[in-house]
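This is protein-v3.csv (CSV, C-alpha atoms and all ligand atoms).
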```csv
chain,number,residue,atom,x,y,z
Z,1,MET,CA,14.4,-45.1,-30.7
Z,2,PRO,CA,12.6,-47.0,-27.9
Z,3,GLU,CA,8.8,-47.1,-27.7
Z,4,LYS,CA,8.7,-44.1,-25.4
Z,5,LEU,CA,11.1,-41.1,-25.3
Z,6,ASN,CA,12.8,-41.0,-21.9
Z,7,VAL,CA,13.0,-37.4,-20.6
Z,8,GLY,CA,14.7,-35.7,-17.7
Z,9,VAL,CA,13.7,-32.3,-16.4
Z,10,ILE,CA,16.3,-29.9,-15.0
Z,11,GLY,CA,15.0,-27.3,-12.6
Z,12,ALA,CA,11.9,-27.8,-10.4
Z,13,GLY,CA,10.7,-24.2,-10.0
Z,14,ARG,CA,7.6,-22.6,-11.5
Z,15,ILE,CA,8.1,-23.7,-15.0
Z,16,GLY,CA,9.8,-27.0,-14.3
Z,17,ARG,CA,6.9,-28.2,-12.2
Z,18,LEU,CA,4.5,-27.2,-15.0
Z,19,HIS,CA,6.4,-29.0,-17.7
Z,20,ALA,CA,6.9,-32.0,-15.4
Z,21,GLU,CA,3.1,-32.3,-14.9
Z,22,HIS,CA,2.5,-32.2,-18.7
Z,23,LEU,CA,5.3,-34.6,-19.5
Z,24,ALA,CA,4.0,-37.0,-16.8
Z,25,TYR,CA,0.3,-36.9,-17.8
Z,26,ARG,CA,-0.5,-35.0,-20.9
Z,27,VAL,CA,2.2,-35.6,-23.5
Z,28,PRO,CA,1.9,-39.0,-25.2
Z,29,GLY,CA,5.0,-41.0,-26.1
Z,30,VAL,CA,7.0,-39.8,-23.2
Z,31,GLU,CA,8.4,-41.3,-20.0
Z,32,LEU,CA,9.4,-38.7,-17.5
Z,33,VAL,CA,12.2,-40.6,-15.7
Z,34,ALA,CA,14.2,-38.0,-13.7
Z,35,ILE,CA,14.2,-34.5,-12.3
Z,36,SER,CA,17.0,-32.5,-10.8
Z,37,ASP,CA,17.2,-29.2,-8.8
Z,38,ILE,CA,20.1,-27.8,-6.8
Z,39,ILE,CA,17.4,-27.4,-4.1
Z,40,VAL,CA,16.8,-31.1,-4.0
Z,41,SER,CA,13.7,-30.8,-1.8
Z,42,ALA,CA,12.0,-28.9,-4.7
Z,43,ALA,CA,12.8,-31.7,-7.1
Z,44,GLU,CA,11.6,-34.3,-4.5
Z,45,GLN,CA,8.3,-32.5,-4.1
Z,46,VAL,CA,7.6,-32.5,-7.9
Z,47,ALA,CA,8.8,-36.1,-8.2
Z,48,ALA,CA,6.4,-37.2,-5.5
Z,49,GLN,CA,3.5,-35.3,-7.1
Z,50,PHE,CA,4.0,-36.7,-10.6
Z,51,GLN,CA,5.6,-40.1,-9.8
Z,52,ILE,CA,9.0,-39.4,-11.3
Z,53,PRO,CA,11.3,-42.3,-10.4
Z,54,ALA,CA,14.7,-40.5,-10.1
Z,55,VAL,CA,15.5,-37.3,-8.2
Z,56,TYR,CA,19.0,-35.7,-8.3
Z,57,GLN,CA,20.6,-32.6,-6.9
Z,58,ASP,CA,23.3,-32.7,-9.6
Z,59,HIS,CA,21.9,-32.3,-13.1
Z,60,ARG,CA,24.9,-34.2,-14.5
Z,61,ARG,CA,23.3,-37.4,-13.3
Z,62,ILE,CA,20.7,-36.8,-16.0
Z,63,MET,CA,23.3,-35.9,-18.6
Z,64,ASP,CA,25.3,-39.0,-17.8
Z,65,ASP,CA,22.4,-41.4,-18.0
Z,66,PRO,CA,22.5,-43.1,-21.4
Z,67,ALA,CA,18.8,-44.2,-21.1
Z,68,ILE,CA,17.7,-40.6,-21.1
Z,69,GLN,CA,17.3,-39.3,-24.7
Z,70,ALA,CA,15.9,-35.8,-24.1
Z,71,VAL,CA,16.3,-33.1,-21.5
Z,72,VAL,CA,13.9,-30.2,-20.7
Z,73,ILE,CA,16.0,-27.3,-19.2
Z,74,CYS,CA,13.9,-25.3,-16.7
Z,75,SER,CA,16.6,-24.0,-14.4
Z,76,SER,CA,17.3,-20.3,-14.0
Z,77,THR,CA,18.4,-18.4,-17.1
Z,78,ASP,CA,22.0,-18.0,-16.0
Z,79,THR,CA,22.5,-21.8,-16.3
Z,80,HIS,CA,20.9,-22.4,-19.7
Z,81,SER,CA,23.8,-22.1,-22.2
Z,82,GLN,CA,26.0,-24.3,-20.1
Z,83,MET,CA,23.3,-26.9,-19.7
Z,84,ILE,CA,22.7,-26.8,-23.5
Z,85,GLU,CA,26.4,-27.4,-24.1
Z,86,GLU,CA,26.5,-30.3,-21.6
Z,87,ALA,CA,23.4,-31.8,-23.1
Z,88,ALA,CA,24.7,-31.5,-26.7
Z,89,ALA,CA,28.0,-33.2,-25.7
Z,90,ALA,CA,26.0,-36.0,-24.1
Z,91,GLY,CA,23.9,-36.4,-27.3
Z,92,LYS,CA,20.6,-35.4,-25.7
Z,93,GLN,CA,17.7,-33.9,-27.6
Z,94,ILE,CA,17.1,-30.5,-25.9
Z,95,PHE,CA,14.1,-28.4,-25.0
Z,96,CYS,CA,15.3,-25.2,-23.2
Z,97,GLU,CA,13.3,-22.5,-21.6
Z,98,LYS,CA,13.6,-18.9,-22.9
Z,99,PRO,CA,15.9,-17.0,-23.0
Z,100,ILE,CA,18.8,-19.2,-24.1
Z,101,ASP,CA,21.1,-16.8,-22.3
Z,102,TYR,CA,21.5,-13.1,-21.9
Z,103,ASP,CA,25.0,-13.1,-23.5
Z,104,LEU,CA,25.0,-13.4,-27.3
Z,105,GLY,CA,28.6,-14.8,-27.3
Z,106,ARG,CA,27.5,-17.6,-25.0
Z,107,ILE,CA,24.3,-18.2,-27.1
Z,108,ASP,CA,26.5,-18.6,-30.2
Z,109,HIS,CA,28.8,-21.0,-28.4
Z,110,ALA,CA,25.8,-23.1,-27.3
Z,111,LEU,CA,24.2,-23.1,-30.7
Z,112,ALA,CA,27.5,-24.2,-32.3
Z,113,ALA,CA,27.7,-27.1,-29.8
Z,114,VAL,CA,24.2,-28.1,-30.8
Z,115,LYS,CA,25.0,-28.0,-34.4
Z,116,GLN,CA,28.2,-29.9,-34.0
Z,117,ALA,CA,26.4,-32.6,-32.0
Z,118,GLY,CA,23.6,-32.9,-34.5
Z,119,VAL,CA,20.9,-32.8,-31.8
Z,120,LYS,CA,17.7,-30.9,-31.8
Z,121,LEU,CA,17.1,-27.7,-29.8
Z,122,GLN,CA,13.7,-26.2,-29.2
Z,123,ILE,CA,13.3,-22.9,-27.3
Z,124,GLY,CA,10.3,-22.4,-25.0
Z,125,PHE,CA,8.4,-19.7,-26.8
Z,126,ASN,CA,5.1,-21.2,-25.8
Z,127,ARG,CA,2.9,-18.3,-27.1
Z,128,ARG,CA,3.5,-19.5,-30.6
Z,129,PHE,CA,1.4,-22.5,-29.7
Z,130,ASP,CA,-1.6,-20.6,-28.4
Z,131,PRO,CA,-4.6,-21.2,-30.7
Z,132,ASN,CA,-5.6,-17.5,-30.8
Z,133,PHE,CA,-2.1,-16.2,-31.7
Z,134,ARG,CA,-1.7,-19.0,-34.3
Z,135,ARG,CA,-4.9,-17.9,-35.9
Z,136,VAL,CA,-3.6,-14.3,-36.1
Z,137,ARG,CA,-0.4,-15.6,-37.7
Z,138,ASP,CA,-2.4,-17.6,-40.2
Z,139,VAL,CA,-4.7,-14.7,-41.1
Z,140,VAL,CA,-1.7,-12.4,-41.6
Z,141,ALA,CA,0.2,-15.0,-43.6
Z,142,ALA,CA,-2.8,-15.7,-45.8
Z,143,GLY,CA,-3.0,-12.0,-46.7
Z,144,GLN,CA,-6.6,-11.7,-45.3
Z,145,ILE,CA,-5.9,-8.3,-43.8
Z,146,GLY,CA,-3.8,-7.2,-46.8
Z,147,ARG,CA,-0.4,-5.6,-46.2
Z,148,PRO,CA,0.3,-5.6,-42.4
Z,149,GLN,CA,1.0,-2.0,-41.3
Z,150,VAL,CA,0.7,-1.8,-37.5
Z,151,LEU,CA,1.1,-4.5,-34.8
Z,152,ARG,CA,0.0,-3.8,-31.2
Z,153,ILE,CA,1.0,-6.1,-28.4
Z,154,THR,CA,-0.2,-5.6,-24.8
Z,155,SER,CA,1.6,-7.8,-22.4
Z,156,ARG,CA,1.2,-7.2,-18.7
Z,157,ASP,CA,1.8,-9.5,-15.8
Z,158,PRO,CA,-0.6,-9.7,-12.8
Z,159,GLN,CA,2.2,-9.4,-10.2
Z,160,PRO,CA,5.9,-8.9,-10.3
Z,161,PRO,CA,8.2,-11.9,-9.7
Z,162,PRO,CA,10.3,-12.1,-6.5
Z,163,ILE,CA,13.3,-9.7,-6.4
Z,164,ALA,CA,15.7,-12.6,-6.3
Z,165,TYR,CA,14.3,-13.7,-9.7
Z,166,VAL,CA,14.5,-10.1,-11.1
Z,167,LYS,CA,18.2,-10.1,-10.2
Z,168,VAL,CA,19.1,-13.1,-12.3
Z,169,SER,CA,16.5,-12.6,-15.0
Z,170,GLY,CA,18.6,-10.4,-17.3
Z,171,GLY,CA,16.1,-7.5,-17.0
Z,172,ILE,CA,12.6,-6.9,-18.3
Z,173,PHE,CA,13.6,-6.7,-22.0
Z,174,LEU,CA,15.3,-10.1,-21.9
Z,175,ASP,CA,13.0,-11.8,-19.4
Z,176,MET,CA,9.5,-10.5,-20.2
Z,177,THR,CA,9.5,-8.5,-23.4
Z,178,ILE,CA,11.4,-11.3,-25.0
Z,179,HIS,CA,8.1,-13.2,-25.5
Z,180,ASP,CA,6.6,-10.2,-27.2
Z,181,PHE,CA,9.7,-9.8,-29.4
Z,182,ASP,CA,9.2,-13.4,-30.5
Z,183,MET,CA,5.5,-12.8,-31.0
Z,184,ALA,CA,6.3,-9.8,-33.2
Z,185,ARG,CA,8.4,-11.9,-35.5
Z,186,PHE,CA,6.0,-14.8,-35.5
Z,187,LEU,CA,2.8,-12.8,-36.1
Z,188,MET,CA,4.2,-10.5,-38.7
Z,189,GLY,CA,6.3,-13.1,-40.5
Z,190,GLU,CA,9.2,-10.7,-40.9
Z,191,GLU,CA,12.2,-9.3,-39.1
Z,192,VAL,CA,12.4,-6.2,-37.0
Z,193,ASP,CA,15.0,-3.6,-38.0
Z,194,GLU,CA,14.9,-1.0,-35.3
Z,195,VAL,CA,13.5,-0.6,-31.7
Z,196,TYR,CA,12.9,2.4,-29.5
Z,197,ALA,CA,12.3,1.7,-25.8
Z,198,ALA,CA,11.1,3.8,-22.9
Z,199,GLY,CA,11.0,2.4,-19.4
Z,200,GLY,CA,10.2,3.4,-15.9
Z,201,VAL,CA,9.8,2.1,-12.3
Z,202,LEU,CA,6.1,2.7,-11.6
Z,203,VAL,CA,5.2,-0.5,-9.8
Z,204,ASP,CA,7.8,-1.4,-7.2
Z,205,PRO,CA,10.9,0.7,-6.2
Z,206,ALA,CA,12.7,-2.5,-5.2
Z,207,ILE,CA,12.7,-3.5,-8.9
Z,208,GLY,CA,14.5,-0.1,-9.7
Z,209,GLU,CA,16.9,-0.8,-6.8
Z,210,ALA,CA,17.7,-4.2,-8.5
Z,211,GLY,CA,18.6,-2.2,-11.6
Z,212,ASP,CA,15.6,-3.0,-13.7
Z,213,VAL,CA,12.4,-1.2,-14.9
Z,214,ASP,CA,8.9,-2.6,-14.3
Z,215,THR,CA,7.0,-0.7,-17.0
Z,216,ALA,CA,8.0,-0.4,-20.7
Z,217,LEU,CA,6.8,1.0,-24.0
Z,218,ILE,CA,8.6,-0.2,-27.1
Z,219,THR,CA,8.1,0.7,-30.7
Z,220,LEU,CA,9.3,-1.5,-33.5
Z,221,ARG,CA,10.1,-0.8,-37.1
Z,222,PHE,CA,10.0,-3.9,-39.3
Z,223,LYS,CA,12.1,-4.4,-42.4
Z,224,SER,CA,9.0,-3.7,-44.7
Z,225,GLY,CA,8.4,-0.4,-43.0
Z,226,ALA,CA,5.5,-1.8,-40.9
Z,227,MET,CA,5.5,-0.6,-37.3
Z,228,GLY,CA,4.7,-2.1,-34.0
Z,229,SER,CA,4.2,-1.3,-30.3
Z,230,ILE,CA,4.6,-3.4,-27.2
Z,231,ASP,CA,3.6,-2.3,-23.8
Z,232,ASN,CA,4.6,-4.1,-20.7
Z,233,SER,CA,3.8,-3.8,-17.0
Z,234,ARG,CA,4.9,-6.1,-14.2
Z,235,LYS,CA,1.6,-5.5,-12.5
Z,236,ALA,CA,-1.9,-5.3,-13.9
Z,237,VAL,CA,-4.4,-5.5,-11.0
Z,238,TYR,CA,-7.1,-7.2,-13.1
Z,239,GLY,CA,-5.0,-10.2,-14.2
Z,240,TYR,CA,-2.7,-11.4,-17.0
Z,241,ASP,CA,-3.3,-9.0,-19.9
Z,242,GLN,CA,-2.4,-10.6,-23.2
Z,243,ARG,CA,-3.9,-8.8,-26.2
Z,244,VAL,CA,-2.8,-8.5,-29.8
Z,245,GLU,CA,-3.9,-6.5,-32.9
Z,246,VAL,CA,-2.6,-6.5,-36.4
Z,247,PHE,CA,-3.9,-3.8,-38.7
Z,248,GLY,CA,-3.4,-3.9,-42.4
Z,249,SER,CA,-4.4,-2.4,-45.7
Z,250,ASP,CA,-7.5,-4.7,-46.0
Z,251,GLY,CA,-8.5,-5.1,-42.4
Z,252,MET,CA,-7.6,-6.0,-38.9
Z,253,VAL,CA,-7.3,-9.0,-36.7
Z,254,THR,CA,-7.5,-8.8,-32.9
Z,255,VAL,CA,-7.2,-11.2,-29.9
Z,256,SER,CA,-8.5,-10.2,-26.5
Z,257,ASN,CA,-7.9,-11.8,-23.1
Z,258,ASN,CA,-9.0,-15.4,-22.3
Z,259,LEU,CA,-11.5,-15.5,-19.4
Z,260,PRO,CA,-12.4,-18.5,-17.2
Z,261,ASP,CA,-15.9,-18.2,-18.5
Z,262,SER,CA,-17.9,-16.0,-20.9
Z,263,ALA,CA,-20.8,-15.1,-18.6
Z,264,VAL,CA,-21.8,-11.4,-18.6
Z,265,VAL,CA,-23.9,-10.3,-15.6
Z,266,SER,CA,-26.2,-7.4,-16.3
Z,267,THR,CA,-28.0,-5.6,-13.4
Z,268,ALA,CA,-29.4,-2.2,-12.7
Z,269,GLN,CA,-25.9,-1.2,-11.4
Z,270,ALA,CA,-23.5,-2.6,-13.9
Z,271,VAL,CA,-22.6,-5.0,-16.7
Z,272,THR,CA,-19.8,-7.2,-15.4
Z,273,GLY,CA,-17.8,-10.3,-16.5
Z,274,SER,CA,-14.9,-12.4,-15.1
Z,275,LEU,CA,-11.4,-11.1,-14.9
Z,276,PRO,CA,-8.8,-12.5,-17.3
Z,277,LEU,CA,-7.2,-15.8,-16.4
Z,278,PHE,CA,-4.7,-15.0,-13.7
Z,279,PHE,CA,-1.2,-15.7,-15.1
Z,280,PHE,CA,0.9,-17.8,-17.5
Z,281,VAL,CA,0.1,-21.1,-15.9
Z,282,GLU,CA,-3.6,-20.6,-16.3
Z,283,ARG,CA,-3.6,-18.7,-19.6
Z,284,TYR,CA,-1.2,-20.8,-21.6
Z,285,THR,CA,-1.8,-24.4,-20.3
Z,286,GLU,CA,-2.9,-25.5,-23.8
Z,287,ALA,CA,0.1,-23.8,-25.4
Z,288,TYR,CA,2.6,-25.4,-23.0
Z,289,ILE,CA,1.2,-28.8,-23.7
Z,290,ALA,CA,1.2,-28.2,-27.5
Z,291,GLU,CA,4.8,-27.0,-27.5
Z,292,MET,CA,5.9,-30.1,-25.6
Z,293,LYS,CA,4.0,-32.4,-28.0
Z,294,ALA,CA,5.7,-30.6,-30.9
Z,295,PHE,CA,9.1,-31.1,-29.4
Z,296,VAL,CA,8.5,-34.8,-28.9
Z,297,GLU,CA,7.1,-35.1,-32.4
Z,298,ALA,CA,10.2,-33.3,-33.8
Z,299,VAL,CA,12.5,-35.8,-32.0
Z,300,VAL,CA,10.5,-38.9,-32.9
Z,301,GLN,CA,9.8,-37.9,-36.5
Z,302,ASP,CA,13.3,-36.5,-36.8
Z,303,THR,CA,12.0,-33.2,-38.2
Z,304,PRO,CA,13.3,-29.7,-37.4
Z,305,PRO,CA,11.8,-28.3,-34.1
Z,306,PRO,CA,9.2,-25.6,-34.7
Z,307,VAL,CA,11.1,-23.0,-32.6
Z,308,THR,CA,14.8,-23.2,-33.4
Z,309,GLY,CA,17.9,-21.9,-31.7
Z,310,LEU,CA,18.0,-19.0,-34.1
Z,311,ASP,CA,14.4,-18.2,-33.1
Z,312,GLY,CA,15.8,-18.1,-29.6
Z,313,ARG,CA,18.6,-15.9,-30.5
Z,314,LYS,CA,16.7,-13.1,-32.4
Z,315,PRO,CA,14.6,-11.9,-29.5
Z,316,VAL,CA,17.8,-11.6,-27.4
Z,317,VAL,CA,19.3,-9.3,-30.0
Z,318,MET,CA,16.0,-7.3,-29.9
Z,319,GLY,CA,16.3,-7.2,-26.1
Z,320,TYR,CA,19.9,-5.9,-26.3
Z,321,ALA,CA,18.7,-3.2,-28.7
Z,322,ALA,CA,15.8,-2.3,-26.4
Z,323,GLY,CA,18.2,-2.0,-23.4
Z,324,LYS,CA,20.6,0.2,-25.4
Z,325,SER,CA,17.7,2.3,-26.7
Z,326,TYR,CA,16.4,2.8,-23.2
Z,327,ARG,CA,19.8,3.7,-21.8
Z,328,GLU,CA,20.6,6.1,-24.6
Z,329,ASN,CA,17.1,7.3,-25.2
Z,330,ARG,CA,17.2,6.9,-29.0
Z,331,PRO,CA,16.0,4.4,-31.7
Z,332,VAL,CA,18.6,1.5,-32.1
Z,333,LYS,CA,19.0,-0.7,-35.1
Z,334,LEU,CA,19.5,-4.4,-34.5
Z,335,SER,CA,22.6,-4.2,-36.6
Z,336,GLU,CA,24.2,-1.9,-33.9
Z,337,VAL,CA,24.1,-4.6,-31.3
Z,338,ASP,CA,24.7,-7.7,-33.6
Z,339,ALA,CA,27.2,-7.0,-36.3
Z,401,LIG,N1,8.1,-19.9,-21.2
Z,401,LIG,C1,7.5,-19.3,-20.1
Z,401,LIG,O1,6.3,-19.0,-20.1
Z,401,LIG,C2,8.3,-19.2,-18.9
Z,401,LIG,C3,7.6,-18.9,-17.7
Z,401,LIG,C4,8.4,-18.8,-16.5
Z,401,LIG,C5,9.8,-19.0,-16.5
Z,401,LIG,N2,10.4,-19.2,-17.7
Z,401,LIG,C6,11.8,-19.4,-17.8
Z,401,LIG,O2,12.1,-20.6,-17.1
Z,401,LIG,C7,13.3,-20.5,-16.3
Z,401,LIG,C8,13.0,-20.8,-14.9
Z,401,LIG,O3,12.0,-19.9,-14.4
Z,401,LIG,P1,11.1,-20.2,-13.1
Z,401,LIG,O4,10.1,-19.1,-13.1
Z,401,LIG,O5,10.7,-21.6,-13.1
Z,401,LIG,O6,12.2,-19.9,-12.0
Z,401,LIG,P2,12.3,-20.5,-10.5
Z,401,LIG,O7,13.2,-19.7,-9.8
Z,401,LIG,O8,10.9,-20.7,-10.0
Z,401,LIG,O9,12.9,-22.0,-10.8
Z,401,LIG,C9,14.2,-22.2,-11.2
Z,401,LIG,C10,14.7,-23.5,-10.5
Z,401,LIG,O10,15.9,-23.8,-11.1
Z,401,LIG,C11,16.7,-24.3,-10.1
Z,401,LIG,N3,18.1,-24.4,-10.5
Z,401,LIG,C12,19.0,-23.4,-10.5
Z,401,LIG,N4,20.2,-23.8,-10.9
Z,401,LIG,C13,20.1,-25.1,-11.1
Z,401,LIG,C14,21.0,-26.2,-11.6
Z,401,LIG,N5,22.2,-25.9,-11.8
Z,401,LIG,N6,20.5,-27.4,-11.7
Z,401,LIG,C15,19.2,-27.7,-11.4
Z,401,LIG,N7,18.3,-26.8,-11.0
Z,401,LIG,C16,18.7,-25.5,-10.9
Z,401,LIG,C17,16.4,-23.4,-8.9
Z,401,LIG,O11,16.8,-24.0,-7.7
Z,401,LIG,C18,14.9,-23.3,-9.0
Z,401,LIG,O12,14.2,-24.3,-8.3
Z,401,LIG,C19,13.8,-19.0,-16.6
Z,401,LIG,O13,14.8,-19.1,-17.6
Z,401,LIG,C20,12.6,-18.3,-17.1
Z,401,LIG,O14,12.9,-17.3,-18.0
Z,401,LIG,C21,9.7,-19.4,-18.9
```

Let me see whether you can do it: turn the structure in this file into structure tokens.
Ligand SMILES: NC(=O)c1ccc[n+]([C@@H]2O[C@H](COP(=O)([O-])OP(=O)(O)OC[C@H]3O[C@@H](n4cnc5c(N)ncnc54)[C@H](O)[C@@H]3O)[C@@H](O)[C@H]2O)c1
Amino acid sequence: MPEKLNVGVIGAGRIGRLHAEHLAYRVPGVELVAISDIIVSAAEQVAAQFQIPAVYQDHRRIMDDPAIQAVVICSSTDTHSQMIEEAAAAGKQIFCEKPIDYDLGRIDHALAAVKQAGVKLQIGFNRRFDPNFRRVRDVVAAGQIGRPQVLRITSRDPQPPPIAYVKVSGGIFLDMTIHDFDMARFLMGEEVDEVYAAGGVLVDPAIGEAGDVDTALITLRFKSGAMGSIDNSRKAVYGYDQRVEVFGSDGMVTVSNNLPDSAVVSTAQAVTGSLPLFFFVERYTEAYIAEMKAFVEAVVQDTPPPVTGLDGRKPVVMGYAAGKSYRENRPVKLSEVDA
């Protein structure tokens, strides 16, 4: 292994730009040497901003470069599993954004390719690296609140993504709730057995016309019998709403929203504070940096990545079950969609 890990980023959209910035400036032990995007001007812009030496339209230039040891896949979801297979075949270490794919068959194919190549694969479930949620996980795992009985996750975006994004996203359960499905497993330290999902188009009719819902309420039943709820909206007018609560036999642990400051202004008219941090870029900066540091560390130290391919697969199964539950208006066991 050379002194620094040479990395190439594929996809220069919202998340590609963010990871590129962190790899360029905030993750030690890394040299960000190339970026690609089918819209080459997008890659050129990011490259100019973060001094990335090589820019390509065709991601295979990155795959074919023997000097590049690791790839960070940030292209749209419909390209991920193919990219993973190509990267594995080229012997690259792989970080891939969530979800791996929206087709379980293709996920299994990609995971088999990774296993066969003996390379590492980490999936971009950044919320696991948020210090607040880590603390909740640790408190629950240490038994501080006794036996966990009820999990509540509120996860609302400040604004819907563009309709073009909605169309290739795989739908709200696989695109947005997938983070919450991962959080449910992570925070409770156990697997979900059954989900029951309700959904509606309450924010933007165009999302309904694209075949998706923009508001969802999902209940979870864990293997232990513990229960959970997730509520999602594509539009919370007050900002990114990311709250969590775990209630157990001996207590409760909660996490409220992160604010840009903690000042509270009290006057004769009202007591007011700042709105939550606007969106994922602002809210999870620290978590994105930590997940990338963890990936680099796993590669350099040759240890298992902290979020594995199987961790990437499980929430997709939960998303399938949620979709089926919503369509059939009944609780669905995960075993029904993943024999
Ligand atoms: N972990 C997170 O918090 C998080 C946040 C946002 C997005 N994501 C995930 O990241 C992925 C990208 O999302 P985004 O919001 O950045 O989307 P985006 O549409 O802003 O960017 C995607 C980019 O990929 C490029 N692209 C498409 N096919 C390509 C190819 N074959 N080669 C190279 N580039 C290609 C597009 O031109 C576009 O610039 C999605 O899978 C999404 O689910 C994760």

So which residues are near ligand LIG 401 (chain Z), meaning at most 7 Å away with all atoms listed in the file counted, given back as a PyMOL selection string?
-> chain Z and resi 10-16+36-39+42+57-59+74-77+79+97-99+124-126+165+169+175+280

Shell around region 5-8 of chain Z at 12 Å using all atoms listed in the file, local window under 6 positions removed, as a PyMOL selection string | chain Z and resi 16+19-20+22-24+27-37+43+47+52-56+59-74+87+92-96+292-293+295-301

Write out as a list in words the residues lying within 7 Å of Asp157 (chain Z), counting only C-alpha atoms and excluding same-chain residues fewer than 6 positions away.
-> Ser233, Arg234, Lys235, Ala236, Tyr240, Asp241 and Phe279 of chain Z

Near Asp214 (chain Z), counting only C-alpha atoms, which residues have an atom at most 12 Å away, once you skip same-chain residues fewer than 6 positions from it, shown as number ranges by chain?
-> Z: 156-161, 163, 166, 171-173, 175-177, 198-208, 231-236

I need the chosen residues saved as a PDB file, in the coordinates of the input, with C-alpha atoms.
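The resulting file, again-v1.pdb, is reproduced below:
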```pdb
ATOM      1  CA  ARG Z 156       1.200  -7.200 -18.700  1.00  0.00           C
ATOM      2  CA  ASP Z 157       1.800  -9.500 -15.800  1.00  0.00           C
ATOM      3  CA  PRO Z 158      -0.600  -9.700 -12.800  1.00  0.00           C
ATOM      4  CA  GLN Z 159       2.200  -9.400 -10.200  1.00  0.00           C
ATOM      5  CA  PRO Z 160       5.900  -8.900 -10.300  1.00  0.00           C
ATOM      6  CA  PRO Z 161       8.200 -11.900  -9.700  1.00  0.00           C
ATOM      7  CA  ILE Z 163      13.300  -9.700  -6.400  1.00  0.00           C
ATOM      8  CA  VAL Z 166      14.500 -10.100 -11.100  1.00  0.00           C
ATOM      9  CA  GLY Z 171      16.100  -7.500 -17.000  1.00  0.00           C
ATOM     10  CA  ILE Z 172      12.600  -6.900 -18.300  1.00  0.00           C
ATOM     11  CA  PHE Z 173      13.600  -6.700 -22.000  1.00  0.00           C
ATOM     12  CA  ASP Z 175      13.000 -11.800 -19.400  1.00  0.00           C
ATOM     13  CA  MET Z 176       9.500 -10.500 -20.200  1.00  0.00           C
ATOM     14  CA  THR Z 177       9.500  -8.500 -23.400  1.00  0.00           C
ATOM     15  CA  ALA Z 198      11.100   3.800 -22.900  1.00  0.00           C
ATOM     16  CA  GLY Z 199      11.000   2.400 -19.400  1.00  0.00           C
ATOM     17  CA  GLY Z 200      10.200   3.400 -15.900  1.00  0.00           C
ATOM     18  CA  VAL Z 201       9.800   2.100 -12.300  1.00  0.00           C
ATOM     19  CA  LEU Z 202       6.100   2.700 -11.600  1.00  0.00           C
ATOM     20  CA  VAL Z 203       5.200  -0.500  -9.800  1.00  0.00           C
ATOM     21  CA  ASP Z 204       7.800  -1.400  -7.200  1.00  0.00           C
ATOM     22  CA  PRO Z 205      10.900   0.700  -6.200  1.00  0.00           C
ATOM     23  CA  ALA Z 206      12.700  -2.500  -5.200  1.00  0.00           C
ATOM     24  CA  ILE Z 207      12.700  -3.500  -8.900  1.00  0.00           C
ATOM     25  CA  GLY Z 208      14.500  -0.100  -9.700  1.00  0.00           C
ATOM     26  CA  ASP Z 231       3.600  -2.300 -23.800  1.00  0.00           C
ATOM     27  CA  ASN Z 232       4.600  -4.100 -20.700  1.00  0.00           C
ATOM     28  CA  SER Z 233       3.800  -3.800 -17.000  1.00  0.00           C
ATOM     29  CA  ARG Z 234       4.900  -6.100 -14.200  1.00  0.00           C
ATOM     30  CA  LYS Z 235       1.600  -5.500 -12.500  1.00  0.00           C
ATOM     31  CA  ALA Z 236      -1.900  -5.300 -13.900  1.00  0.00           C
TER      32      ALA Z 236
END
```

Cut-off 12 Å around (25.4, -15.1, -24.5) with all atoms listed in the file: residues as a PyMOL selection string | chain Z and resi 77-82+99-111+170+174+312-314+316-317+320+338

Determine, counting all atoms listed in the file, which protein, DNA and RNA residues have an atom within 10 Å of an atom of Tyr284 (chain Z); residues of the same chain fewer than 3 positions away are not included. Present the result as a PyMOL selection string.
-> chain Z and resi 126-127+129-131+258+277+279-281+287-290

For the selection just defined, write its residues with C-alpha atoms to a file, as a compact mmCIF listing (two decimals), keeping the file's coordinate frame.
```
# COMPACT_ATOMS: atom_id res chain seq x y z
CA ASN Z 126 5.10 -21.20 -25.80
CA ARG Z 127 2.90 -18.30 -27.10
CA PHE Z 129 1.40 -22.50 -29.70
CA ASP Z 130 -1.60 -20.60 -28.40
CA PRO Z 131 -4.60 -21.20 -30.70
CA ASN Z 258 -9.00 -15.40 -22.30
CA LEU Z 277 -7.20 -15.80 -16.40
CA PHE Z 279 -1.20 -15.70 -15.10
CA PHE Z 280 0.90 -17.80 -17.50
CA VAL Z 281 0.10 -21.10 -15.90
CA ALA Z 287 0.10 -23.80 -25.40
CA TYR Z 288 2.60 -25.40 -23.00
CA ILE Z 289 1.20 -28.80 -23.70
CA ALA Z 290 1.20 -28.20 -27.50
```

Between CA of Met183 (chain Z) and CA of Ser274 (chain Z), what is the spacing in Å?
->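 It comes out at 25.9 Å.
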